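Quick look at start-v1.cif (mmCIF, N, CA and C atoms):
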data_protein
#
loop_
_atom_site.label_atom_id
_atom_site.label_comp_id
_atom_site.auth_asym_id
_atom_site.auth_seq_id
_atom_site.Cartn_x
_atom_site.Cartn_y
_atom_site.Cartn_z
N MET A 471 -314.39 26.84 44.65
CA MET A 471 -315.25 26.72 45.79
C MET A 471 -315.76 25.29 45.92
N PHE A 472 -316.38 24.78 44.85
CA PHE A 472 -316.86 23.40 44.88
C PHE A 472 -315.90 22.53 44.11
N LYS A 473 -315.61 21.39 44.69
CA LYS A 473 -314.70 20.45 44.05
C LYS A 473 -315.53 19.47 43.22
N LYS A 474 -315.11 19.24 41.98
CA LYS A 474 -315.84 18.32 41.11
C LYS A 474 -315.60 16.90 41.58
N LYS A 475 -316.68 16.15 41.73
CA LYS A 475 -316.57 14.77 42.19
C LYS A 475 -316.11 13.87 41.05
N MET A 476 -315.25 12.93 41.40
CA MET A 476 -314.76 11.99 40.41
C MET A 476 -315.87 11.01 40.03
N ARG A 477 -315.92 10.67 38.77
CA ARG A 477 -316.91 9.73 38.26
C ARG A 477 -316.20 8.55 37.63
N ALA A 478 -316.94 7.47 37.44
CA ALA A 478 -316.40 6.31 36.74
C ALA A 478 -316.04 6.74 35.33
N GLU A 479 -314.87 6.34 34.87
CA GLU A 479 -314.41 6.72 33.53
C GLU A 479 -315.23 6.00 32.48
N ARG A 480 -315.56 6.69 31.41
CA ARG A 480 -316.30 6.09 30.29
C ARG A 480 -315.28 5.63 29.25
N VAL A 481 -315.43 4.40 28.77
CA VAL A 481 -314.55 3.88 27.73
C VAL A 481 -315.38 3.63 26.48
N GLY A 482 -314.73 3.76 25.33
CA GLY A 482 -315.45 3.62 24.08
C GLY A 482 -314.99 2.48 23.20
N SER A 483 -313.96 1.73 23.65
CA SER A 483 -313.49 0.63 22.82
C SER A 483 -312.84 -0.45 23.69
N LEU A 484 -312.73 -1.63 23.13
CA LEU A 484 -312.06 -2.72 23.84
C LEU A 484 -310.57 -2.43 24.01
N ALA A 485 -310.00 -1.66 23.09
CA ALA A 485 -308.57 -1.31 23.20
C ALA A 485 -308.32 -0.49 24.47
N GLU A 486 -309.25 0.38 24.83
CA GLU A 486 -309.10 1.16 26.06
C GLU A 486 -309.16 0.26 27.29
N ILE A 487 -310.05 -0.71 27.28
CA ILE A 487 -310.15 -1.66 28.40
C ILE A 487 -308.88 -2.48 28.49
N ASP A 488 -308.36 -2.93 27.36
CA ASP A 488 -307.12 -3.71 27.35
C ASP A 488 -305.95 -2.89 27.89
N ALA A 489 -305.91 -1.60 27.55
CA ALA A 489 -304.83 -0.74 28.04
C ALA A 489 -304.91 -0.59 29.56
N LEU A 490 -306.11 -0.49 30.10
CA LEU A 490 -306.27 -0.38 31.54
C LEU A 490 -305.85 -1.67 32.25
N THR A 491 -306.12 -2.81 31.66
CA THR A 491 -305.76 -4.08 32.29
C THR A 491 -304.25 -4.27 32.35
N ARG A 492 -303.53 -3.65 31.42
CA ARG A 492 -302.07 -3.79 31.41
C ARG A 492 -301.39 -3.01 32.54
N THR A 493 -302.12 -2.15 33.24
CA THR A 493 -301.53 -1.40 34.35
C THR A 493 -301.29 -2.27 35.58
N GLY A 494 -301.92 -3.42 35.64
CA GLY A 494 -301.75 -4.32 36.78
C GLY A 494 -302.79 -4.10 37.87
N LYS A 495 -303.57 -3.04 37.78
CA LYS A 495 -304.63 -2.79 38.76
C LYS A 495 -305.88 -3.56 38.33
N PRO A 496 -306.73 -3.95 39.29
CA PRO A 496 -308.00 -4.56 38.90
C PRO A 496 -308.87 -3.55 38.14
N VAL A 497 -309.61 -4.05 37.16
CA VAL A 497 -310.47 -3.20 36.33
C VAL A 497 -311.91 -3.70 36.47
N LEU A 498 -312.77 -2.87 37.04
CA LEU A 498 -314.19 -3.20 37.17
C LEU A 498 -314.93 -2.46 36.06
N VAL A 499 -315.53 -3.22 35.15
CA VAL A 499 -316.23 -2.64 34.00
C VAL A 499 -317.73 -2.84 34.17
N ASP A 500 -318.49 -1.76 34.02
CA ASP A 500 -319.95 -1.81 34.05
C ASP A 500 -320.44 -1.62 32.62
N PHE A 501 -320.97 -2.69 32.03
CA PHE A 501 -321.55 -2.60 30.69
C PHE A 501 -323.02 -2.20 30.86
N TYR A 502 -323.40 -1.09 30.26
CA TYR A 502 -324.74 -0.54 30.47
C TYR A 502 -325.36 -0.12 29.14
N GLN A 503 -326.66 0.23 29.20
CA GLN A 503 -327.38 0.81 28.07
C GLN A 503 -328.06 2.09 28.54
N VAL A 504 -328.14 3.06 27.66
CA VAL A 504 -328.84 4.30 27.97
C VAL A 504 -330.34 3.99 28.07
N GLY A 505 -330.98 4.51 29.09
CA GLY A 505 -332.41 4.30 29.26
C GLY A 505 -332.77 3.07 30.09
N CYS A 506 -331.79 2.35 30.55
CA CYS A 506 -332.02 1.15 31.37
C CYS A 506 -332.08 1.59 32.83
N ALA A 507 -333.22 1.36 33.50
CA ALA A 507 -333.40 1.82 34.88
C ALA A 507 -332.40 1.19 35.85
N PRO A 508 -332.17 -0.13 35.84
CA PRO A 508 -331.16 -0.69 36.75
C PRO A 508 -329.76 -0.15 36.46
N CYS A 509 -329.48 0.17 35.20
CA CYS A 509 -328.17 0.74 34.84
C CYS A 509 -327.99 2.11 35.49
N GLN A 510 -329.05 2.88 35.60
CA GLN A 510 -328.97 4.20 36.20
C GLN A 510 -328.72 4.09 37.70
N VAL A 511 -329.28 3.06 38.34
CA VAL A 511 -329.02 2.83 39.76
C VAL A 511 -327.55 2.47 39.95
N MET A 512 -327.03 1.58 39.09
CA MET A 512 -325.64 1.15 39.20
C MET A 512 -324.67 2.29 38.88
N ASP A 513 -325.11 3.29 38.11
CA ASP A 513 -324.26 4.42 37.77
C ASP A 513 -323.79 5.14 39.03
N GLY A 514 -324.70 5.38 39.96
CA GLY A 514 -324.33 6.05 41.21
C GLY A 514 -323.36 5.20 42.03
N ILE A 515 -323.60 3.91 42.09
CA ILE A 515 -322.72 3.01 42.85
C ILE A 515 -321.33 2.97 42.23
N MET A 516 -321.26 2.90 40.91
CA MET A 516 -319.96 2.85 40.23
C MET A 516 -319.20 4.15 40.43
N ASN A 517 -319.89 5.29 40.45
CA ASN A 517 -319.23 6.57 40.70
C ASN A 517 -318.66 6.63 42.11
N GLU A 518 -319.39 6.11 43.09
CA GLU A 518 -318.88 6.08 44.47
C GLU A 518 -317.65 5.19 44.56
N LEU A 519 -317.68 4.03 43.92
CA LEU A 519 -316.52 3.13 43.93
C LEU A 519 -315.32 3.77 43.24
N ALA A 520 -315.56 4.50 42.17
CA ALA A 520 -314.47 5.18 41.45
C ALA A 520 -313.78 6.20 42.37
N ARG A 521 -314.57 6.92 43.17
CA ARG A 521 -313.98 7.88 44.11
C ARG A 521 -313.20 7.17 45.21
N GLU A 522 -313.74 6.08 45.75
CA GLU A 522 -313.12 5.40 46.87
C GLU A 522 -311.86 4.62 46.49
N TYR A 523 -311.80 4.10 45.26
CA TYR A 523 -310.68 3.25 44.84
C TYR A 523 -309.88 3.87 43.70
N GLU A 524 -309.91 5.19 43.57
CA GLU A 524 -309.30 5.86 42.43
C GLU A 524 -307.81 5.57 42.27
N ALA A 525 -307.08 5.36 43.35
CA ALA A 525 -305.63 5.16 43.25
C ALA A 525 -305.23 3.71 43.05
N SER A 526 -306.11 2.77 43.37
CA SER A 526 -305.69 1.37 43.34
C SER A 526 -306.49 0.48 42.42
N ALA A 527 -307.50 1.01 41.74
CA ALA A 527 -308.31 0.22 40.80
C ALA A 527 -308.90 1.14 39.74
N HIS A 528 -309.26 0.55 38.63
CA HIS A 528 -309.94 1.30 37.57
C HIS A 528 -311.41 0.88 37.59
N VAL A 529 -312.29 1.86 37.74
CA VAL A 529 -313.73 1.61 37.68
C VAL A 529 -314.23 2.35 36.45
N VAL A 530 -314.71 1.59 35.46
CA VAL A 530 -315.09 2.19 34.19
C VAL A 530 -316.48 1.74 33.77
N LYS A 531 -317.09 2.52 32.88
CA LYS A 531 -318.40 2.23 32.33
C LYS A 531 -318.28 2.15 30.81
N ALA A 532 -318.99 1.18 30.22
CA ALA A 532 -318.94 1.00 28.77
C ALA A 532 -320.36 0.86 28.24
N ASP A 533 -320.74 1.74 27.33
CA ASP A 533 -322.06 1.69 26.69
C ASP A 533 -322.01 0.62 25.60
N ILE A 534 -322.79 -0.46 25.78
CA ILE A 534 -322.68 -1.57 24.83
C ILE A 534 -323.27 -1.23 23.46
N SER A 535 -324.11 -0.20 23.38
CA SER A 535 -324.63 0.18 22.07
C SER A 535 -323.53 0.80 21.20
N ARG A 536 -322.47 1.28 21.82
CA ARG A 536 -321.33 1.85 21.08
C ARG A 536 -320.17 0.87 20.97
N MET A 537 -320.29 -0.29 21.63
CA MET A 537 -319.22 -1.29 21.62
C MET A 537 -319.79 -2.69 21.33
N PRO A 538 -320.27 -2.91 20.11
CA PRO A 538 -320.88 -4.23 19.81
C PRO A 538 -319.89 -5.39 19.93
N ASP A 539 -318.59 -5.13 19.76
CA ASP A 539 -317.61 -6.20 19.89
C ASP A 539 -317.48 -6.67 21.34
N ALA A 540 -317.84 -5.83 22.30
CA ALA A 540 -317.79 -6.22 23.72
C ALA A 540 -318.87 -7.25 24.04
N ILE A 541 -319.99 -7.19 23.33
CA ILE A 541 -321.07 -8.14 23.56
C ILE A 541 -320.59 -9.56 23.30
N SER A 542 -319.89 -9.75 22.20
CA SER A 542 -319.42 -11.10 21.88
C SER A 542 -318.21 -11.50 22.73
N ARG A 543 -317.31 -10.57 22.98
CA ARG A 543 -316.10 -10.91 23.74
C ARG A 543 -316.41 -11.29 25.19
N PHE A 544 -317.33 -10.56 25.83
CA PHE A 544 -317.65 -10.82 27.23
C PHE A 544 -318.96 -11.59 27.41
N GLY A 545 -319.63 -11.93 26.33
CA GLY A 545 -320.86 -12.72 26.42
C GLY A 545 -321.97 -12.01 27.16
N ILE A 546 -322.18 -10.74 26.85
CA ILE A 546 -323.18 -9.94 27.56
C ILE A 546 -324.57 -10.24 26.99
N ARG A 547 -325.48 -10.61 27.88
CA ARG A 547 -326.85 -10.91 27.47
C ARG A 547 -327.88 -10.01 28.12
N ALA A 548 -327.46 -9.30 29.18
CA ALA A 548 -328.36 -8.41 29.90
C ALA A 548 -327.57 -7.23 30.42
N THR A 549 -328.29 -6.14 30.69
CA THR A 549 -327.62 -4.98 31.29
C THR A 549 -328.32 -4.65 32.59
N PRO A 550 -327.61 -4.14 33.57
CA PRO A 550 -326.17 -3.95 33.60
C PRO A 550 -325.44 -5.27 33.86
N THR A 551 -324.26 -5.38 33.29
CA THR A 551 -323.37 -6.51 33.55
C THR A 551 -322.04 -5.95 34.02
N MET A 552 -321.60 -6.41 35.19
CA MET A 552 -320.31 -5.99 35.72
C MET A 552 -319.30 -7.12 35.55
N VAL A 553 -318.10 -6.76 35.11
CA VAL A 553 -317.02 -7.72 34.90
C VAL A 553 -315.78 -7.18 35.59
N LEU A 554 -315.10 -8.04 36.34
CA LEU A 554 -313.85 -7.66 36.96
C LEU A 554 -312.72 -8.36 36.22
N LEU A 555 -311.78 -7.56 35.73
CA LEU A 555 -310.62 -8.09 35.02
C LEU A 555 -309.39 -7.87 35.89
N GLY A 556 -308.53 -8.86 35.95
CA GLY A 556 -307.32 -8.75 36.75
C GLY A 556 -306.31 -9.80 36.32
N THR A 557 -305.13 -9.73 36.91
CA THR A 557 -304.11 -10.70 36.58
C THR A 557 -304.33 -11.97 37.38
N ALA A 558 -303.92 -13.07 36.81
CA ALA A 558 -304.07 -14.36 37.48
C ALA A 558 -303.19 -14.40 38.72
N PRO A 559 -303.61 -15.11 39.76
CA PRO A 559 -302.77 -15.20 40.95
C PRO A 559 -301.46 -15.91 40.62
N PRO A 560 -300.38 -15.60 41.35
CA PRO A 560 -299.08 -16.21 41.04
C PRO A 560 -299.10 -17.72 41.28
N LYS A 561 -298.34 -18.42 40.46
CA LYS A 561 -298.21 -19.86 40.60
C LYS A 561 -297.37 -20.15 41.83
N THR A 562 -297.80 -21.10 42.64
CA THR A 562 -297.07 -21.38 43.88
C THR A 562 -296.40 -22.75 43.89
N SER A 563 -296.77 -23.61 42.97
CA SER A 563 -296.17 -24.94 43.00
C SER A 563 -294.73 -24.90 42.48
N LYS A 564 -293.94 -25.83 42.93
CA LYS A 564 -292.54 -25.88 42.54
C LYS A 564 -292.41 -26.12 41.04
N LYS A 565 -293.26 -26.99 40.51
CA LYS A 565 -293.23 -27.30 39.09
C LYS A 565 -293.54 -26.06 38.25
N ALA A 566 -294.52 -25.28 38.69
CA ALA A 566 -294.91 -24.07 37.96
C ALA A 566 -293.78 -23.04 37.98
N ARG A 567 -293.09 -22.90 39.12
CA ARG A 567 -291.97 -21.95 39.19
C ARG A 567 -290.83 -22.38 38.29
N GLN A 568 -290.60 -23.67 38.18
CA GLN A 568 -289.54 -24.17 37.31
C GLN A 568 -289.86 -23.89 35.85
N ARG A 569 -291.14 -24.04 35.49
CA ARG A 569 -291.56 -23.80 34.11
C ARG A 569 -291.37 -22.34 33.72
N THR A 570 -291.60 -21.41 34.65
CA THR A 570 -291.49 -19.99 34.33
C THR A 570 -290.10 -19.44 34.62
N GLY A 571 -289.21 -20.29 35.06
CA GLY A 571 -287.85 -19.83 35.32
C GLY A 571 -287.70 -19.12 36.65
N GLY A 572 -288.63 -19.34 37.56
CA GLY A 572 -288.53 -18.75 38.89
C GLY A 572 -289.00 -17.32 38.98
N THR A 573 -289.50 -16.74 37.90
CA THR A 573 -289.97 -15.35 37.96
C THR A 573 -291.28 -15.30 38.71
N LYS A 574 -291.47 -14.25 39.45
CA LYS A 574 -292.71 -14.09 40.20
C LYS A 574 -293.53 -12.99 39.56
N GLY A 575 -294.71 -13.37 39.07
CA GLY A 575 -295.66 -12.38 38.58
C GLY A 575 -295.40 -11.82 37.21
N GLY A 576 -294.24 -12.01 36.64
CA GLY A 576 -293.96 -11.42 35.35
C GLY A 576 -294.73 -12.10 34.24
N GLY A 577 -295.42 -11.33 33.44
CA GLY A 577 -296.12 -11.86 32.29
C GLY A 577 -297.36 -12.68 32.62
N ARG A 578 -297.93 -12.47 33.78
CA ARG A 578 -299.15 -13.21 34.12
C ARG A 578 -300.28 -12.71 33.23
N PRO A 579 -301.12 -13.63 32.74
CA PRO A 579 -302.19 -13.22 31.84
C PRO A 579 -303.32 -12.50 32.57
N VAL A 580 -303.99 -11.62 31.86
CA VAL A 580 -305.15 -10.93 32.39
C VAL A 580 -306.35 -11.85 32.18
N THR A 581 -307.12 -12.04 33.23
CA THR A 581 -308.27 -12.93 33.14
C THR A 581 -309.51 -12.24 33.67
N GLN A 582 -310.65 -12.81 33.30
CA GLN A 582 -311.91 -12.35 33.87
C GLN A 582 -312.05 -13.03 35.23
N ARG A 583 -312.00 -12.25 36.30
CA ARG A 583 -311.99 -12.79 37.65
C ARG A 583 -313.40 -12.98 38.22
N TRP A 584 -314.40 -12.20 37.70
CA TRP A 584 -315.75 -12.24 38.26
C TRP A 584 -316.69 -11.54 37.29
N ARG A 585 -317.97 -11.93 37.33
CA ARG A 585 -318.98 -11.25 36.53
C ARG A 585 -320.34 -11.45 37.16
N ALA A 586 -321.23 -10.48 36.95
CA ALA A 586 -322.60 -10.57 37.43
C ALA A 586 -323.47 -9.65 36.59
N SER A 587 -324.73 -10.00 36.49
CA SER A 587 -325.70 -9.16 35.78
C SER A 587 -326.76 -8.70 36.77
N GLY A 588 -327.32 -7.54 36.50
CA GLY A 588 -328.36 -7.00 37.37
C GLY A 588 -327.78 -6.09 38.44
N LEU A 589 -328.60 -5.80 39.43
CA LEU A 589 -328.18 -4.91 40.52
C LEU A 589 -327.28 -5.67 41.48
N VAL A 590 -326.13 -5.08 41.80
CA VAL A 590 -325.17 -5.68 42.72
C VAL A 590 -324.92 -4.67 43.84
N PRO A 591 -325.01 -5.10 45.11
CA PRO A 591 -324.79 -4.16 46.22
C PRO A 591 -323.37 -3.60 46.23
N LYS A 592 -323.25 -2.35 46.66
CA LYS A 592 -321.95 -1.68 46.69
C LYS A 592 -320.95 -2.41 47.57
N ASP A 593 -321.38 -2.89 48.74
CA ASP A 593 -320.45 -3.56 49.63
C ASP A 593 -319.89 -4.84 49.02
N GLN A 594 -320.68 -5.53 48.21
CA GLN A 594 -320.18 -6.73 47.53
C GLN A 594 -319.11 -6.36 46.51
N LEU A 595 -319.34 -5.28 45.76
CA LEU A 595 -318.35 -4.83 44.79
C LEU A 595 -317.07 -4.35 45.48
N ALA A 596 -317.22 -3.67 46.62
CA ALA A 596 -316.05 -3.19 47.37
C ALA A 596 -315.22 -4.37 47.88
N ARG A 597 -315.88 -5.40 48.43
CA ARG A 597 -315.16 -6.59 48.90
C ARG A 597 -314.45 -7.27 47.74
N LEU A 598 -315.10 -7.30 46.59
CA LEU A 598 -314.52 -7.92 45.40
C LEU A 598 -313.26 -7.19 44.97
N LEU A 599 -313.31 -5.85 44.92
CA LEU A 599 -312.14 -5.07 44.55
C LEU A 599 -311.00 -5.28 45.55
N GLU A 600 -311.33 -5.28 46.83
CA GLU A 600 -310.31 -5.45 47.86
C GLU A 600 -309.69 -6.84 47.82
N SER A 601 -310.47 -7.86 47.50
CA SER A 601 -309.92 -9.21 47.42
C SER A 601 -309.03 -9.38 46.21
N ASN A 602 -309.07 -8.44 45.28
CA ASN A 602 -308.22 -8.47 44.10
C ASN A 602 -307.12 -7.42 44.16
N GLY A 603 -306.84 -6.90 45.36
CA GLY A 603 -305.68 -6.03 45.54
C GLY A 603 -305.95 -4.54 45.64
N ALA A 604 -307.19 -4.09 45.46
CA ALA A 604 -307.47 -2.66 45.56
C ALA A 604 -307.60 -2.24 47.01
N LYS A 605 -307.24 -1.00 47.29
CA LYS A 605 -307.33 -0.46 48.65
C LYS A 605 -308.17 0.82 48.61
N PRO A 606 -309.10 0.95 49.56
CA PRO A 606 -309.90 2.19 49.58
C PRO A 606 -309.04 3.39 49.91
N ARG A 607 -309.46 4.54 49.45
CA ARG A 607 -308.70 5.78 49.62
C ARG A 607 -308.40 6.07 51.08
N SER A 608 -309.31 5.77 51.99
CA SER A 608 -309.10 6.08 53.40
C SER A 608 -307.99 5.27 54.05
N SER A 609 -307.66 4.09 53.48
CA SER A 609 -306.61 3.25 54.07
C SER A 609 -305.25 3.44 53.41
N LEU A 610 -305.19 4.27 52.36
CA LEU A 610 -303.90 4.53 51.70
C LEU A 610 -303.10 5.54 52.51
N PRO A 611 -301.75 5.40 52.53
CA PRO A 611 -300.92 6.35 53.30
C PRO A 611 -300.93 7.74 52.73
#
As structure tokens:
Amino acid sequence: MFKKKMRAERVGSLAEIDALTRTGKPVLVDFYQVGCAPCQVMDGIMNELAREYEASAHVVKADISRMPDAISRFGIRATPTMVLLGTAPPKTSKKARQRTGGTKGGGRPVTQRWRASGLVPKDQLARLLESNGAKPRSSLP
């Protein structure tokens, strides 16, 4: 009768985040703490984004109290902190294509494309995902 709403996936290790980045889709990670009021506000926004971009992006949440290695790797100093991970844009210069043997996009490194701490408006996060290749569910065929 009632359909369960999709929520942002919870990850428990950096290995899970790394596995998601290898899919080629943009990965929006919300680093949060339990009991943090701004984190609870962002929880609802991240769940909405997860529903809207479920097919073209990964929207995940990571509790930093369970992932101390994420604090040092991503330089987290406050919660909530959102980080967007994605592949680097393709090289367009002739010299760069010659160096890679003319391959397009193969083996491009995963980089941190954006980060912010504190409350971030949903429309800003949606524009960010779309500028990195994600498409909202309503525009998919």
- Message: I need the residues of range 506-608 of chain A that end up classed as helix (DSSP H, G or I) by DSSP on the backbone, written out as a PyMOL selection string.
- Response: chain A and resi 507-522+538-544+564-569+592-601+607-608
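Residues selected in this file by the PyMOL selection byres ((chain A and resi 501-507) around 7) comprise Val499, Asp500, Pro508, Cys509, Gln510, Val511, Met512, Val530, Lys531, Ala532, Asp533, Ile534, Ser535, Ala548, Thr549, Pro550, Thr551, Met552 and Val553 of chain A.
Residues in contact with Lys605 in chain A at 8 Å, where only N, CA and C atoms are counted and same-chain residues fewer than 4 positions away are skipped, are listed as Glu522, Tyr523, Glu524, Ala525, Ser526, Ala527, Leu599, Glu600, Ser601, Ser609 and Leu610 of chain A.
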- Give the strand (DSSP E or B) residues of chain A, as DSSP finds them on the backbone, and put them as a ChimeraX atom specification. /A:479-481,497-502,528-533,551-557,580-587
Requested write-out: N, CA and C atoms of the selected residues, as a short mmCIF file (atom, residue, chain, number, x, y, z; two decimals), in the coordinates of the input:
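The result, written out as part38.cif:
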data_model
loop_
_atom_site.label_atom_id
_atom_site.label_comp_id
_atom_site.auth_asym_id
_atom_site.auth_seq_id
_atom_site.Cartn_x
_atom_site.Cartn_y
_atom_site.Cartn_z
N GLU A 479 -314.87 6.34 34.87
CA GLU A 479 -314.41 6.72 33.53
C GLU A 479 -315.23 6.00 32.48
N ARG A 480 -315.56 6.69 31.41
CA ARG A 480 -316.30 6.09 30.29
C ARG A 480 -315.28 5.63 29.25
N VAL A 481 -315.43 4.40 28.77
CA VAL A 481 -314.55 3.88 27.73
C VAL A 481 -315.38 3.63 26.48
N VAL A 497 -309.61 -4.05 37.16
CA VAL A 497 -310.47 -3.20 36.33
C VAL A 497 -311.91 -3.70 36.47
N LEU A 498 -312.77 -2.87 37.04
CA LEU A 498 -314.19 -3.20 37.17
C LEU A 498 -314.93 -2.46 36.06
N VAL A 499 -315.53 -3.22 35.15
CA VAL A 499 -316.23 -2.64 34.00
C VAL A 499 -317.73 -2.84 34.17
N ASP A 500 -318.49 -1.76 34.02
CA ASP A 500 -319.95 -1.81 34.05
C ASP A 500 -320.44 -1.62 32.62
N PHE A 501 -320.97 -2.69 32.03
CA PHE A 501 -321.55 -2.60 30.69
C PHE A 501 -323.02 -2.20 30.86
N TYR A 502 -323.40 -1.09 30.26
CA TYR A 502 -324.74 -0.54 30.47
C TYR A 502 -325.36 -0.12 29.14
N HIS A 528 -309.26 0.55 38.63
CA HIS A 528 -309.94 1.30 37.57
C HIS A 528 -311.41 0.88 37.59
N VAL A 529 -312.29 1.86 37.74
CA VAL A 529 -313.73 1.61 37.68
C VAL A 529 -314.23 2.35 36.45
N VAL A 530 -314.71 1.59 35.46
CA VAL A 530 -315.09 2.19 34.19
C VAL A 530 -316.48 1.74 33.77
N LYS A 531 -317.09 2.52 32.88
CA LYS A 531 -318.40 2.23 32.33
C LYS A 531 -318.28 2.15 30.81
N ALA A 532 -318.99 1.18 30.22
CA ALA A 532 -318.94 1.00 28.77
C ALA A 532 -320.36 0.86 28.24
N ASP A 533 -320.74 1.74 27.33
CA ASP A 533 -322.06 1.69 26.69
C ASP A 533 -322.01 0.62 25.60
N THR A 551 -324.26 -5.38 33.29
CA THR A 551 -323.37 -6.51 33.55
C THR A 551 -322.04 -5.95 34.02
N MET A 552 -321.60 -6.41 35.19
CA MET A 552 -320.31 -5.99 35.72
C MET A 552 -319.30 -7.12 35.55
N VAL A 553 -318.10 -6.76 35.11
CA VAL A 553 -317.02 -7.72 34.90
C VAL A 553 -315.78 -7.18 35.59
N LEU A 554 -315.10 -8.04 36.34
CA LEU A 554 -313.85 -7.66 36.96
C LEU A 554 -312.72 -8.36 36.22
N LEU A 555 -311.78 -7.56 35.73
CA LEU A 555 -310.62 -8.09 35.02
C LEU A 555 -309.39 -7.87 35.89
N GLY A 556 -308.53 -8.86 35.95
CA GLY A 556 -307.32 -8.75 36.75
C GLY A 556 -306.31 -9.80 36.32
N THR A 557 -305.13 -9.73 36.91
CA THR A 557 -304.11 -10.70 36.58
C THR A 557 -304.33 -11.97 37.38
N VAL A 580 -303.99 -11.62 31.86
CA VAL A 580 -305.15 -10.93 32.39
C VAL A 580 -306.35 -11.85 32.18
N THR A 581 -307.12 -12.04 33.23
CA THR A 581 -308.27 -12.93 33.14
C THR A 581 -309.51 -12.24 33.67
N GLN A 582 -310.65 -12.81 33.30
CA GLN A 582 -311.91 -12.35 33.87
C GLN A 582 -312.05 -13.03 35.23
N ARG A 583 -312.00 -12.25 36.30
CA ARG A 583 -311.99 -12.79 37.65
C ARG A 583 -313.40 -12.98 38.22
N TRP A 584 -314.40 -12.20 37.70
CA TRP A 584 -315.75 -12.24 38.26
C TRP A 584 -316.69 -11.54 37.29
N ARG A 585 -317.97 -11.93 37.33
CA ARG A 585 -318.98 -11.25 36.53
C ARG A 585 -320.34 -11.45 37.16
N ALA A 586 -321.23 -10.48 36.95
CA ALA A 586 -322.60 -10.57 37.43
C ALA A 586 -323.47 -9.65 36.59
N SER A 587 -324.73 -10.00 36.49
CA SER A 587 -325.70 -9.16 35.78
C SER A 587 -326.76 -8.70 36.77
#
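Across the model, the gap from atom N of Pro538 in chain A to CA of Asp593 in chain A is 29.5 Å.
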- Name all residues at most 6 Å from Asn517 in chain A (count only C-alpha atoms; drop same-chain ones fewer than 3 positions away) and give them as a list in words. Arg477, Ala478, Gly514 and Ala520 of chain A
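With atom C of Ala485 in chain A on one side and atom N of Ala540 in chain A on the other, the separation reads 11.1 Å.
Nearest to Met516 in chain A of all the residues A:Ser483, A:Ser587, A:Ile546, A:Leu498 is A:Leu498, based on only C-alpha atoms.
Of note, CA of Pro606 in chain A and atom N of Gly545 in chain A are spaced 28.9 Å apart.
Counting all atoms listed in the file and comparing A:Val529, A:Leu554, A:Leu484, A:Ala489, the residue that lies closest to Ala586 in chain A is A:Leu554.
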- Item | Residues returned when the PyMOL selection byres ((chain A and resi 493-495) around 6) runs on this file, as an MDAnalysis selection string | chainID A and resid 489:492 496:497 526:528 556
Saved selection, atoms kept: N, CA and C atoms, as a PDB file, in the frame of the given file:
ATOM      1  N   ALA A 489    -305.910  -1.600  27.550  1.00  0.00           N
ATOM      2  CA  ALA A 489    -304.830  -0.740  28.040  1.00  0.00           C
ATOM      3  C   ALA A 489    -304.910  -0.590  29.560  1.00  0.00           C
ATOM      4  N   LEU A 490    -306.110  -0.490  30.100  1.00  0.00           N
ATOM      5  CA  LEU A 490    -306.270  -0.380  31.540  1.00  0.00           C
ATOM      6  C   LEU A 490    -305.850  -1.670  32.250  1.00  0.00           C
ATOM      7  N   THR A 491    -306.120  -2.810  31.660  1.00  0.00           N
ATOM      8  CA  THR A 491    -305.760  -4.080  32.290  1.00  0.00           C
ATOM      9  C   THR A 491    -304.250  -4.270  32.350  1.00  0.00           C
ATOM     10  N   ARG A 492    -303.530  -3.650  31.420  1.00  0.00           N
ATOM     11  CA  ARG A 492    -302.070  -3.790  31.410  1.00  0.00           C
ATOM     12  C   ARG A 492    -301.390  -3.010  32.540  1.00  0.00           C
ATOM     13  N   PRO A 496    -306.730  -3.950  39.290  1.00  0.00           N
ATOM     14  CA  PRO A 496    -308.000  -4.560  38.900  1.00  0.00           C
ATOM     15  C   PRO A 496    -308.870  -3.550  38.140  1.00  0.00           C
ATOM     16  N   VAL A 497    -309.610  -4.050  37.160  1.00  0.00           N
ATOM     17  CA  VAL A 497    -310.470  -3.200  36.330  1.00  0.00           C
ATOM     18  C   VAL A 497    -311.910  -3.700  36.470  1.00  0.00           C
ATOM     19  N   SER A 526    -306.110   2.770  43.370  1.00  0.00           N
ATOM     20  CA  SER A 526    -305.690   1.370  43.340  1.00  0.00           C
ATOM     21  C   SER A 526    -306.490   0.480  42.420  1.00  0.00           C
ATOM     22  N   ALA A 527    -307.500   1.010  41.740  1.00  0.00           N
ATOM     23  CA  ALA A 527    -308.310   0.220  40.800  1.00  0.00           C
ATOM     24  C   ALA A 527    -308.900   1.140  39.740  1.00  0.00           C
ATOM     25  N   HIS A 528    -309.260   0.550  38.630  1.00  0.00           N
ATOM     26  CA  HIS A 528    -309.940   1.300  37.570  1.00  0.00           C
ATOM     27  C   HIS A 528    -311.410   0.880  37.590  1.00  0.00           C
ATOM     28  N   GLY A 556    -308.530  -8.860  35.950  1.00  0.00           N
ATOM     29  CA  GLY A 556    -307.320  -8.750  36.750  1.00  0.00           C
ATOM     30  C   GLY A 556    -306.310  -9.800  36.320  1.00  0.00           C
TER      31      GLY A 556
END
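Checking A:Gln594, A:Ser608, A:Thr557, A:Asn602 one by one against Val580 in chain A, counting only N, CA and C atoms, you find the shortest gap at A:Thr557.
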I would like the residues chosen by the PyMOL selection byres (((chain A and resi 583 and name CA) around 6) and name CA) on the shown file; could you give them as a compact mmCIF listing (two decimals) with N, CA and C atoms, in the coordinates of the input?
# COMPACT_ATOMS: atom_id res chain seq x y z
N LEU A 554 -315.10 -8.04 36.34
CA LEU A 554 -313.85 -7.66 36.96
C LEU A 554 -312.72 -8.36 36.22
N LEU A 555 -311.78 -7.56 35.73
CA LEU A 555 -310.62 -8.09 35.02
C LEU A 555 -309.39 -7.87 35.89
N THR A 581 -307.12 -12.04 33.23
CA THR A 581 -308.27 -12.93 33.14
C THR A 581 -309.51 -12.24 33.67
N GLN A 582 -310.65 -12.81 33.30
CA GLN A 582 -311.91 -12.35 33.87
C GLN A 582 -312.05 -13.03 35.23
N TRP A 584 -314.40 -12.20 37.70
CA TRP A 584 -315.75 -12.24 38.26
C TRP A 584 -316.69 -11.54 37.29
